[in-house]
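Chemist: The file below is protein.cif, mmCIF, N, CA, C and O atoms:
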```cif
data_query
loop_
_atom_site.label_atom_id
_atom_site.label_comp_id
_atom_site.auth_asym_id
_atom_site.auth_seq_id
_atom_site.Cartn_x
_atom_site.Cartn_y
_atom_site.Cartn_z
N VAL D 1 3.73 14.43 -7.83
CA VAL D 1 4.07 13.35 -6.91
C VAL D 1 5.57 13.11 -6.99
O VAL D 1 6.12 12.92 -8.08
N ASP D 2 6.19 13.11 -5.85
CA ASP D 2 7.63 12.85 -5.77
C ASP D 2 7.91 11.44 -6.30
O ASP D 2 7.23 10.49 -5.92
N PRO D 3 8.90 11.29 -7.17
CA PRO D 3 9.24 9.96 -7.70
C PRO D 3 9.56 8.93 -6.61
O PRO D 3 9.32 7.73 -6.79
N ALA D 4 10.04 9.38 -5.47
CA ALA D 4 10.32 8.45 -4.37
C ALA D 4 9.03 7.80 -3.87
O ALA D 4 9.05 6.64 -3.44
N LEU D 5 7.91 8.51 -3.97
CA LEU D 5 6.64 7.93 -3.55
C LEU D 5 6.13 6.91 -4.57
O LEU D 5 5.50 5.92 -4.18
N ILE D 6 6.41 7.14 -5.82
CA ILE D 6 6.05 6.14 -6.85
C ILE D 6 6.84 4.85 -6.58
O ILE D 6 6.27 3.75 -6.60
N ASP D 7 8.12 4.99 -6.30
CA ASP D 7 8.94 3.82 -5.97
C ASP D 7 8.43 3.13 -4.71
O ASP D 7 8.40 1.90 -4.63
N TYR D 8 8.02 3.91 -3.73
CA TYR D 8 7.48 3.38 -2.48
C TYR D 8 6.24 2.53 -2.75
O TYR D 8 6.12 1.41 -2.25
N ILE D 9 5.34 3.07 -3.53
CA ILE D 9 4.12 2.34 -3.88
C ILE D 9 4.47 1.05 -4.61
O ILE D 9 3.93 -0.02 -4.29
N GLN D 10 5.35 1.12 -5.57
CA GLN D 10 5.75 -0.07 -6.32
C GLN D 10 6.36 -1.13 -5.41
O GLN D 10 6.06 -2.31 -5.54
N HIS D 11 7.20 -0.70 -4.50
CA HIS D 11 7.84 -1.63 -3.57
C HIS D 11 6.79 -2.29 -2.68
O HIS D 11 6.81 -3.51 -2.47
N LEU D 12 5.87 -1.50 -2.14
CA LEU D 12 4.81 -2.05 -1.30
C LEU D 12 3.97 -3.08 -2.05
O LEU D 12 3.75 -4.19 -1.56
N VAL D 13 3.51 -2.71 -3.22
CA VAL D 13 2.65 -3.61 -4.00
C VAL D 13 3.40 -4.88 -4.38
O VAL D 13 2.88 -5.99 -4.26
N ARG D 14 4.63 -4.73 -4.82
CA ARG D 14 5.44 -5.89 -5.21
C ARG D 14 5.63 -6.84 -4.02
O ARG D 14 5.56 -8.06 -4.17
N LEU D 15 5.85 -6.27 -2.85
CA LEU D 15 6.07 -7.09 -1.66
C LEU D 15 4.83 -7.92 -1.28
O LEU D 15 4.96 -9.00 -0.72
N THR D 16 3.64 -7.44 -1.61
CA THR D 16 2.44 -8.24 -1.32
C THR D 16 2.47 -9.55 -2.10
O THR D 16 1.93 -10.56 -1.64
N ARG D 17 3.10 -9.55 -3.25
CA ARG D 17 3.15 -10.76 -4.07
C ARG D 17 4.20 -11.75 -3.59
O ARG D 17 4.30 -12.85 -4.12
N GLN D 18 4.95 -11.37 -2.57
CA GLN D 18 5.99 -12.24 -2.02
C GLN D 18 5.63 -12.77 -0.64
O GLN D 18 6.47 -13.36 0.03
N GLN D 19 4.41 -12.55 -0.20
CA GLN D 19 3.98 -12.97 1.12
C GLN D 19 3.41 -14.38 1.10
O GLN D 19 2.46 -14.66 0.35
N ALA D 20 3.98 -15.26 1.90
CA ALA D 20 3.50 -16.64 1.97
C ALA D 20 2.07 -16.72 2.48
O ALA D 20 1.34 -17.66 2.13
N ASP D 21 1.65 -15.75 3.29
CA ASP D 21 0.29 -15.76 3.83
C ASP D 21 -0.77 -15.27 2.85
O ASP D 21 -1.95 -15.29 3.18
N LEU D 22 -0.34 -14.84 1.68
CA LEU D 22 -1.30 -14.39 0.67
C LEU D 22 -1.30 -15.37 -0.50
O LEU D 22 -0.25 -15.73 -1.02
N ALA D 23 -2.50 -15.79 -0.88
CA ALA D 23 -2.63 -16.66 -2.05
C ALA D 23 -2.29 -15.89 -3.32
O ALA D 23 -1.71 -16.43 -4.24
N TRP D 24 -2.70 -14.63 -3.35
CA TRP D 24 -2.23 -13.73 -4.41
C TRP D 24 -2.16 -12.32 -3.88
O TRP D 24 -2.96 -11.90 -3.07
N GLY D 25 -1.15 -11.63 -4.35
CA GLY D 25 -0.91 -10.27 -3.91
C GLY D 25 -1.54 -9.26 -4.85
O GLY D 25 -2.25 -9.62 -5.79
N ALA D 26 -1.27 -8.03 -4.59
CA ALA D 26 -1.84 -6.93 -5.36
C ALA D 26 -1.15 -6.79 -6.71
O ALA D 26 0.03 -7.07 -6.85
N GLY D 27 -1.91 -6.33 -7.68
CA GLY D 27 -1.39 -6.10 -9.02
C GLY D 27 -1.11 -4.63 -9.27
O GLY D 27 -1.31 -3.78 -8.38
N PRO D 28 -0.67 -4.32 -10.47
CA PRO D 28 -0.34 -2.92 -10.80
C PRO D 28 -1.50 -1.95 -10.60
O PRO D 28 -1.29 -0.81 -10.19
N ARG D 29 -2.71 -2.40 -10.89
CA ARG D 29 -3.86 -1.49 -10.72
C ARG D 29 -4.06 -1.10 -9.26
O ARG D 29 -4.58 -0.02 -8.97
N ALA D 30 -3.65 -1.96 -8.34
CA ALA D 30 -3.74 -1.62 -6.92
C ALA D 30 -2.83 -0.43 -6.61
O ALA D 30 -3.21 0.46 -5.85
N GLY D 31 -1.65 -0.43 -7.18
CA GLY D 31 -0.73 0.68 -6.99
C GLY D 31 -1.27 1.98 -7.57
O GLY D 31 -1.16 3.04 -6.96
N ILE D 32 -1.88 1.87 -8.74
CA ILE D 32 -2.49 3.05 -9.36
C ILE D 32 -3.63 3.58 -8.50
O ILE D 32 -3.76 4.78 -8.28
N ALA D 33 -4.45 2.66 -7.98
CA ALA D 33 -5.56 3.07 -7.12
C ALA D 33 -5.05 3.75 -5.85
O ALA D 33 -5.59 4.78 -5.42
N LEU D 34 -4.00 3.18 -5.26
CA LEU D 34 -3.42 3.78 -4.05
C LEU D 34 -2.90 5.18 -4.34
O LEU D 34 -3.13 6.11 -3.55
N LEU D 35 -2.24 5.35 -5.46
CA LEU D 35 -1.73 6.67 -5.84
C LEU D 35 -2.87 7.67 -6.01
O LEU D 35 -2.82 8.78 -5.47
N ARG D 36 -3.89 7.27 -6.73
CA ARG D 36 -5.03 8.19 -6.97
C ARG D 36 -5.75 8.54 -5.67
O ARG D 36 -6.11 9.69 -5.44
N CYS D 37 -5.96 7.54 -4.84
CA CYS D 37 -6.62 7.79 -3.55
C CYS D 37 -5.75 8.70 -2.68
O CYS D 37 -6.26 9.59 -2.01
N GLY D 38 -4.45 8.45 -2.70
CA GLY D 38 -3.54 9.27 -1.92
C GLY D 38 -3.56 10.72 -2.35
O GLY D 38 -3.55 11.63 -1.51
N ARG D 39 -3.58 10.93 -3.64
CA ARG D 39 -3.64 12.31 -4.15
C ARG D 39 -4.94 12.98 -3.72
O ARG D 39 -4.94 14.16 -3.35
N SER D 40 -6.03 12.24 -3.76
CA SER D 40 -7.32 12.79 -3.32
C SER D 40 -7.30 13.12 -1.84
O SER D 40 -7.79 14.17 -1.42
N LEU D 41 -6.73 12.24 -1.04
CA LEU D 41 -6.66 12.49 0.40
C LEU D 41 -5.79 13.71 0.69
O LEU D 41 -6.13 14.53 1.55
N ALA D 42 -4.69 13.85 -0.02
CA ALA D 42 -3.84 15.03 0.17
C ALA D 42 -4.64 16.30 -0.11
O ALA D 42 -4.54 17.29 0.64
N MET D 43 -5.45 16.28 -1.16
CA MET D 43 -6.26 17.44 -1.50
C MET D 43 -7.28 17.74 -0.40
O MET D 43 -7.45 18.88 0.03
N VAL D 44 -7.93 16.70 0.10
CA VAL D 44 -8.90 16.87 1.18
C VAL D 44 -8.22 17.45 2.42
O VAL D 44 -8.81 18.24 3.16
N ARG D 45 -6.99 17.07 2.62
CA ARG D 45 -6.23 17.56 3.77
C ARG D 45 -5.61 18.94 3.52
O ARG D 45 -4.85 19.44 4.34
N GLY D 46 -5.90 19.52 2.37
CA GLY D 46 -5.47 20.89 2.08
C GLY D 46 -4.10 21.03 1.47
O GLY D 46 -3.51 22.10 1.51
N ARG D 47 -3.58 19.94 0.89
CA ARG D 47 -2.27 20.01 0.26
C ARG D 47 -2.37 19.71 -1.23
O ARG D 47 -3.25 18.98 -1.65
N ASN D 48 -1.44 20.27 -2.00
CA ASN D 48 -1.38 19.96 -3.42
C ASN D 48 -0.21 19.01 -3.71
O ASN D 48 0.27 18.93 -4.82
N TYR D 49 0.24 18.29 -2.69
CA TYR D 49 1.32 17.33 -2.84
C TYR D 49 1.04 16.13 -1.91
O TYR D 49 0.36 16.26 -0.89
N LEU D 50 1.56 15.01 -2.29
CA LEU D 50 1.37 13.76 -1.58
C LEU D 50 2.51 13.52 -0.60
O LEU D 50 3.66 13.83 -0.91
N ILE D 51 2.19 12.98 0.56
CA ILE D 51 3.23 12.60 1.53
C ILE D 51 3.01 11.12 1.91
O ILE D 51 1.92 10.58 1.69
N PRO D 52 4.03 10.48 2.47
CA PRO D 52 3.89 9.07 2.83
C PRO D 52 2.72 8.79 3.76
O PRO D 52 2.07 7.74 3.66
N ASP D 53 2.42 9.70 4.67
CA ASP D 53 1.29 9.49 5.59
C ASP D 53 -0.02 9.26 4.86
O ASP D 53 -0.85 8.47 5.29
N ASP D 54 -0.21 9.97 3.75
CA ASP D 54 -1.44 9.79 2.96
C ASP D 54 -1.54 8.35 2.47
O ASP D 54 -2.60 7.72 2.56
N LEU D 55 -0.45 7.84 1.95
CA LEU D 55 -0.44 6.47 1.43
C LEU D 55 -0.59 5.45 2.55
O LEU D 55 -1.32 4.48 2.41
N GLN D 56 0.08 5.69 3.66
CA GLN D 56 -0.01 4.76 4.79
C GLN D 56 -1.42 4.72 5.37
O GLN D 56 -1.90 3.64 5.75
N ASP D 57 -2.08 5.86 5.42
CA ASP D 57 -3.45 5.90 5.95
C ASP D 57 -4.43 5.14 5.06
O ASP D 57 -5.45 4.64 5.54
N LEU D 58 -4.13 5.05 3.79
CA LEU D 58 -5.02 4.39 2.83
C LEU D 58 -4.60 2.97 2.48
O LEU D 58 -5.34 2.26 1.80
N TRP D 59 -3.44 2.55 2.91
CA TRP D 59 -2.86 1.27 2.50
C TRP D 59 -3.83 0.11 2.70
O TRP D 59 -4.14 -0.61 1.76
N ILE D 60 -4.32 -0.09 3.91
CA ILE D 60 -5.20 -1.23 4.15
C ILE D 60 -6.56 -1.05 3.48
O ILE D 60 -7.02 -1.96 2.79
N PRO D 61 -7.22 0.11 3.61
CA PRO D 61 -8.52 0.25 2.93
C PRO D 61 -8.45 0.08 1.41
O PRO D 61 -9.35 -0.47 0.79
N ALA D 62 -7.35 0.52 0.82
CA ALA D 62 -7.23 0.45 -0.65
C ALA D 62 -6.81 -0.93 -1.13
O ALA D 62 -7.07 -1.30 -2.28
N LEU D 63 -6.14 -1.71 -0.28
CA LEU D 63 -5.57 -2.99 -0.74
C LEU D 63 -6.26 -4.23 -0.20
O LEU D 63 -6.15 -5.29 -0.82
N ALA D 64 -6.97 -4.13 0.90
CA ALA D 64 -7.50 -5.34 1.55
C ALA D 64 -8.38 -6.17 0.63
O ALA D 64 -8.36 -7.40 0.69
N HIS D 65 -9.14 -5.54 -0.22
CA HIS D 65 -10.03 -6.30 -1.12
C HIS D 65 -9.32 -6.73 -2.41
O HIS D 65 -9.90 -7.44 -3.22
N ARG D 66 -8.07 -6.34 -2.58
CA ARG D 66 -7.33 -6.67 -3.80
C ARG D 66 -6.37 -7.85 -3.63
O ARG D 66 -5.71 -8.24 -4.57
N VAL D 67 -6.27 -8.37 -2.43
CA VAL D 67 -5.41 -9.51 -2.16
C VAL D 67 -6.26 -10.62 -1.53
O VAL D 67 -7.36 -10.36 -1.04
N ARG D 68 -5.75 -11.84 -1.57
CA ARG D 68 -6.46 -12.97 -0.97
C ARG D 68 -5.54 -13.70 -0.01
O ARG D 68 -4.40 -14.02 -0.34
N ILE D 69 -6.08 -13.95 1.16
CA ILE D 69 -5.32 -14.68 2.17
C ILE D 69 -5.21 -16.15 1.74
O ILE D 69 -6.14 -16.69 1.16
N ALA D 70 -4.06 -16.74 1.98
CA ALA D 70 -3.85 -18.15 1.64
C ALA D 70 -4.71 -19.02 2.57
O ALA D 70 -4.91 -18.68 3.73
N PRO D 71 -5.21 -20.13 2.05
CA PRO D 71 -6.06 -21.00 2.89
C PRO D 71 -5.40 -21.41 4.20
O PRO D 71 -6.06 -21.41 5.25
N GLU D 72 -4.12 -21.75 4.15
CA GLU D 72 -3.41 -22.16 5.37
C GLU D 72 -3.38 -21.02 6.39
O GLU D 72 -3.54 -21.24 7.59
N ALA D 73 -3.15 -19.83 5.91
CA ALA D 73 -3.11 -18.66 6.80
C ALA D 73 -4.50 -18.37 7.35
O ALA D 73 -4.64 -18.01 8.52
N GLN D 74 -5.51 -18.54 6.53
CA GLN D 74 -6.88 -18.30 6.98
C GLN D 74 -7.26 -19.29 8.09
O GLN D 74 -7.83 -18.90 9.10
N VAL D 75 -6.90 -20.55 7.91
CA VAL D 75 -7.17 -21.57 8.94
C VAL D 75 -6.43 -21.23 10.23
O VAL D 75 -6.94 -21.44 11.33
N ALA D 76 -5.24 -20.67 10.10
CA ALA D 76 -4.44 -20.29 11.27
C ALA D 76 -4.93 -18.99 11.92
O ALA D 76 -4.40 -18.57 12.94
N GLY D 77 -5.94 -18.36 11.31
CA GLY D 77 -6.50 -17.15 11.88
C GLY D 77 -5.79 -15.87 11.50
O GLY D 77 -5.98 -14.83 12.14
N VAL D 78 -4.96 -15.92 10.46
CA VAL D 78 -4.25 -14.73 10.01
C VAL D 78 -5.21 -13.84 9.22
O VAL D 78 -5.90 -14.31 8.32
N ALA D 79 -5.27 -12.58 9.57
CA ALA D 79 -6.14 -11.63 8.88
C ALA D 79 -5.36 -10.92 7.78
O ALA D 79 -4.16 -10.66 7.92
N VAL D 80 -6.05 -10.62 6.70
CA VAL D 80 -5.42 -9.93 5.59
C VAL D 80 -4.84 -8.59 6.04
O VAL D 80 -3.77 -8.17 5.60
N GLU D 81 -5.52 -7.93 6.96
CA GLU D 81 -5.04 -6.64 7.46
C GLU D 81 -3.69 -6.78 8.17
O GLU D 81 -2.84 -5.89 8.05
N SER D 82 -3.50 -7.89 8.88
CA SER D 82 -2.22 -8.07 9.58
C SER D 82 -1.08 -8.31 8.59
O SER D 82 0.04 -7.86 8.81
N VAL D 83 -1.37 -9.01 7.50
CA VAL D 83 -0.35 -9.22 6.48
C VAL D 83 0.00 -7.90 5.81
O VAL D 83 1.18 -7.58 5.62
N LEU D 84 -1.02 -7.11 5.48
CA LEU D 84 -0.76 -5.81 4.85
C LEU D 84 -0.01 -4.88 5.80
O LEU D 84 0.87 -4.12 5.37
N ASP D 85 -0.33 -4.93 7.07
CA ASP D 85 0.39 -4.11 8.05
C ASP D 85 1.86 -4.53 8.11
O ASP D 85 2.75 -3.68 8.18
N ARG D 86 2.11 -5.82 8.07
CA ARG D 86 3.49 -6.33 8.08
C ARG D 86 4.26 -5.83 6.85
O ARG D 86 5.42 -5.43 6.95
N VAL D 87 3.60 -5.84 5.69
CA VAL D 87 4.23 -5.33 4.46
C VAL D 87 4.55 -3.85 4.62
O VAL D 87 5.65 -3.41 4.31
N LEU D 88 3.59 -3.10 5.11
CA LEU D 88 3.79 -1.65 5.27
C LEU D 88 4.97 -1.36 6.19
O LEU D 88 5.77 -0.46 5.92
N ARG D 89 5.12 -2.11 7.28
CA ARG D 89 6.21 -1.90 8.21
C ARG D 89 7.56 -2.35 7.64
O ARG D 89 8.60 -1.90 8.10
N ALA D 90 7.54 -3.24 6.65
CA ALA D 90 8.78 -3.78 6.09
C ALA D 90 9.45 -2.86 5.08
O ALA D 90 10.64 -3.01 4.80
N VAL D 91 8.70 -1.94 4.53
CA VAL D 91 9.24 -1.07 3.48
C VAL D 91 9.66 0.27 4.08
O VAL D 91 8.84 0.93 4.72
N PRO D 92 10.90 0.66 3.88
CA PRO D 92 11.36 1.96 4.42
C PRO D 92 10.54 3.12 3.82
O PRO D 92 10.26 3.14 2.63
N VAL D 93 10.19 4.04 4.69
CA VAL D 93 9.41 5.21 4.26
C VAL D 93 10.37 6.23 3.65
O VAL D 93 11.36 6.61 4.27
N PRO D 94 10.05 6.68 2.44
CA PRO D 94 10.94 7.66 1.79
C PRO D 94 10.81 9.04 2.43
O PRO D 94 9.77 9.39 2.97
N THR D 95 11.87 9.80 2.31
CA THR D 95 11.84 11.20 2.73
C THR D 95 11.51 12.03 1.50
O THR D 95 12.18 11.94 0.49
N VAL D 96 10.45 12.80 1.60
CA VAL D 96 10.03 13.67 0.49
C VAL D 96 9.86 15.08 1.00
O VAL D 96 9.64 15.31 2.19
N HIS D 97 9.94 16.01 0.08
CA HIS D 97 9.77 17.41 0.43
C HIS D 97 8.59 17.95 -0.37
O HIS D 97 8.53 17.82 -1.57
N GLY D 98 7.62 18.55 0.33
CA GLY D 98 6.41 19.04 -0.29
C GLY D 98 6.49 20.33 -0.92
O GLY D 98 7.19 21.09 -1.29
#
```
For the file at hand, write its structure as structure tokens.
Modeler:
Amino acid sequence: VDPALIDYIQHLVRLTRQQADLAWGAGPRAGIALLRCGRSLAMVRGRNYLIPDDLQDLWIPALAHRVRIAPEAQVAGVAVESVLDRVLRAVPVPTVHG
């Protein structure tokens, strides 16, 4: 795994803990789970290396159950998926070479 992708995962997970719409963000185990799932998806896709697309495709499925929407945001109709999508769009995607 390219070290830039490890940094990318850490940045994404850390940013979930800074979202006002989340009562609590993802912890370190969420990042580990995302990494492991990403590696598995890369293998299923026929590669022996991870790319950002693998992580982006798994971001919401891997994290949605690991964070909690804040009560105020829930009352306002904010979905956890929309918060996670906002986080994903906020973090620059690293350039990696497979």
Chemist: What is the CA of Pro28 (chain D)-atom O of Gln10 (chain D) distance in Å, reported with one decimal?
Modeler: 8.3 Å
Chemist: Need the shell around Leu63 (chain D): protein/DNA/RNA residues with any atom at most 8 Å away, counting all atoms listed in the file. Skip same-chain ones fewer than 4 positions apart. Format as a ChimeraX atom specification?
Modeler: /D:24-26,30-31,33-34,58-59,67-68,80,84
Chemist: Within region 11-98 of chain D, find each residue whose DSSP state, derived from the backbone, is helix (DSSP H, G or I), and express the selection as a PyMOL selection string.
Modeler: chain D and resi 11-16+28-44+52-66+71-75+80-90
Chemist: Report, in Å to a single decimal, how far apart atom O of Ala70 (chain D) and atom C of Pro52 (chain D) are.
Modeler: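 These two atoms are separated by 28.5 Å.
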Chemist: My list of candidates is D:Cys37, D:Val87, D:Val93, D:Val75. Which is closest to Leu12 (chain D) when distances are computed with only N, CA, C and O atoms?
Modeler: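 Residue with the minimum atom-to-atom distance to Leu12 (chain D): D:Val87.
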Chemist: Just how far from atom N of Gly46 (chain D) is CA of His97 (chain D), in Å to one decimal?
Modeler: 15.9 Å
Chemist: Place all heavy atoms on region 85-96 of chain D and deliver the coordinates as a CSV table (one decimal), in the coordinates of the input.
Modeler:
```csv
chain,number,residue,atom,x,y,z
D,85,ASP,N,-0.3,-4.9,7.1
D,85,ASP,CA,0.4,-4.1,8.0
D,85,ASP,C,1.9,-4.5,8.1
D,85,ASP,O,2.8,-3.7,8.2
D,85,ASP,CB,-0.3,-4.2,9.4
D,85,ASP,CG,0.4,-3.3,10.4
D,85,ASP,OD1,0.4,-2.1,10.2
D,85,ASP,OD2,0.8,-3.8,11.5
D,86,ARG,N,2.1,-5.8,8.1
D,86,ARG,CA,3.5,-6.3,8.1
D,86,ARG,C,4.3,-5.8,6.8
D,86,ARG,O,5.4,-5.4,7.0
D,86,ARG,CB,3.5,-7.9,8.1
D,86,ARG,CG,4.8,-8.5,8.2
D,86,ARG,CD,4.7,-10.0,8.4
D,86,ARG,NE,3.8,-10.6,7.4
D,86,ARG,CZ,3.1,-11.7,7.6
D,86,ARG,NH1,3.0,-12.2,8.8
D,86,ARG,NH2,2.3,-12.2,6.7
D,87,VAL,N,3.6,-5.8,5.7
D,87,VAL,CA,4.2,-5.3,4.5
D,87,VAL,C,4.6,-3.8,4.6
D,87,VAL,O,5.6,-3.4,4.3
D,87,VAL,CB,3.3,-5.6,3.2
D,87,VAL,CG1,3.8,-4.8,2.0
D,87,VAL,CG2,3.2,-7.1,2.9
D,88,LEU,N,3.6,-3.1,5.1
D,88,LEU,CA,3.8,-1.6,5.3
D,88,LEU,C,5.0,-1.4,6.2
D,88,LEU,O,5.8,-0.5,5.9
D,88,LEU,CB,2.5,-1.0,5.8
D,88,LEU,CG,2.5,0.5,5.9
D,88,LEU,CD1,2.6,1.1,4.5
D,88,LEU,CD2,1.2,1.0,6.6
D,89,ARG,N,5.1,-2.1,7.3
D,89,ARG,CA,6.2,-1.9,8.2
D,89,ARG,C,7.6,-2.4,7.6
D,89,ARG,O,8.6,-1.9,8.1
D,89,ARG,CB,5.9,-2.6,9.5
D,89,ARG,CG,4.9,-1.9,10.4
D,89,ARG,CD,4.6,-2.5,11.7
D,89,ARG,NE,3.8,-3.7,11.6
D,89,ARG,CZ,4.2,-4.9,11.9
D,89,ARG,NH1,5.4,-5.1,12.3
D,89,ARG,NH2,3.4,-5.9,11.7
D,90,ALA,N,7.5,-3.2,6.6
D,90,ALA,CA,8.8,-3.8,6.1
D,90,ALA,C,9.4,-2.9,5.1
D,90,ALA,O,10.6,-3.0,4.8
D,90,ALA,CB,8.5,-5.1,5.4
D,91,VAL,N,8.7,-1.9,4.5
D,91,VAL,CA,9.2,-1.1,3.5
D,91,VAL,C,9.7,0.3,4.1
D,91,VAL,O,8.8,0.9,4.7
D,91,VAL,CB,8.2,-0.9,2.4
D,91,VAL,CG1,8.7,0.1,1.3
D,91,VAL,CG2,7.8,-2.2,1.7
D,92,PRO,N,10.9,0.7,3.9
D,92,PRO,CA,11.4,2.0,4.4
D,92,PRO,C,10.5,3.1,3.8
D,92,PRO,O,10.3,3.1,2.6
D,92,PRO,CB,12.8,2.1,4.0
D,92,PRO,CG,13.2,0.7,3.6
D,92,PRO,CD,12.0,-0.1,3.2
D,93,VAL,N,10.2,4.0,4.7
D,93,VAL,CA,9.4,5.2,4.3
D,93,VAL,C,10.4,6.2,3.6
D,93,VAL,O,11.4,6.6,4.3
D,93,VAL,CB,8.7,5.8,5.5
D,93,VAL,CG1,7.9,7.1,5.0
D,93,VAL,CG2,7.8,4.8,6.1
D,94,PRO,N,10.0,6.7,2.4
D,94,PRO,CA,10.9,7.7,1.8
D,94,PRO,C,10.8,9.0,2.4
D,94,PRO,O,9.8,9.4,3.0
D,94,PRO,CB,10.4,7.7,0.3
D,94,PRO,CG,9.0,7.3,0.4
D,94,PRO,CD,8.9,6.3,1.6
D,95,THR,N,11.9,9.8,2.3
D,95,THR,CA,11.8,11.2,2.7
D,95,THR,C,11.5,12.0,1.5
D,95,THR,O,12.2,11.9,0.5
D,95,THR,CB,13.2,11.6,3.3
D,95,THR,OG1,13.5,10.7,4.4
D,95,THR,CG2,13.2,13.0,3.8
D,96,VAL,N,10.4,12.8,1.6
D,96,VAL,CA,10.0,13.7,0.5
D,96,VAL,C,9.9,15.1,1.0
D,96,VAL,O,9.6,15.3,2.2
D,96,VAL,CB,8.7,13.2,-0.2
D,96,VAL,CG1,8.9,11.8,-0.8
D,96,VAL,CG2,7.6,13.1,0.8
```
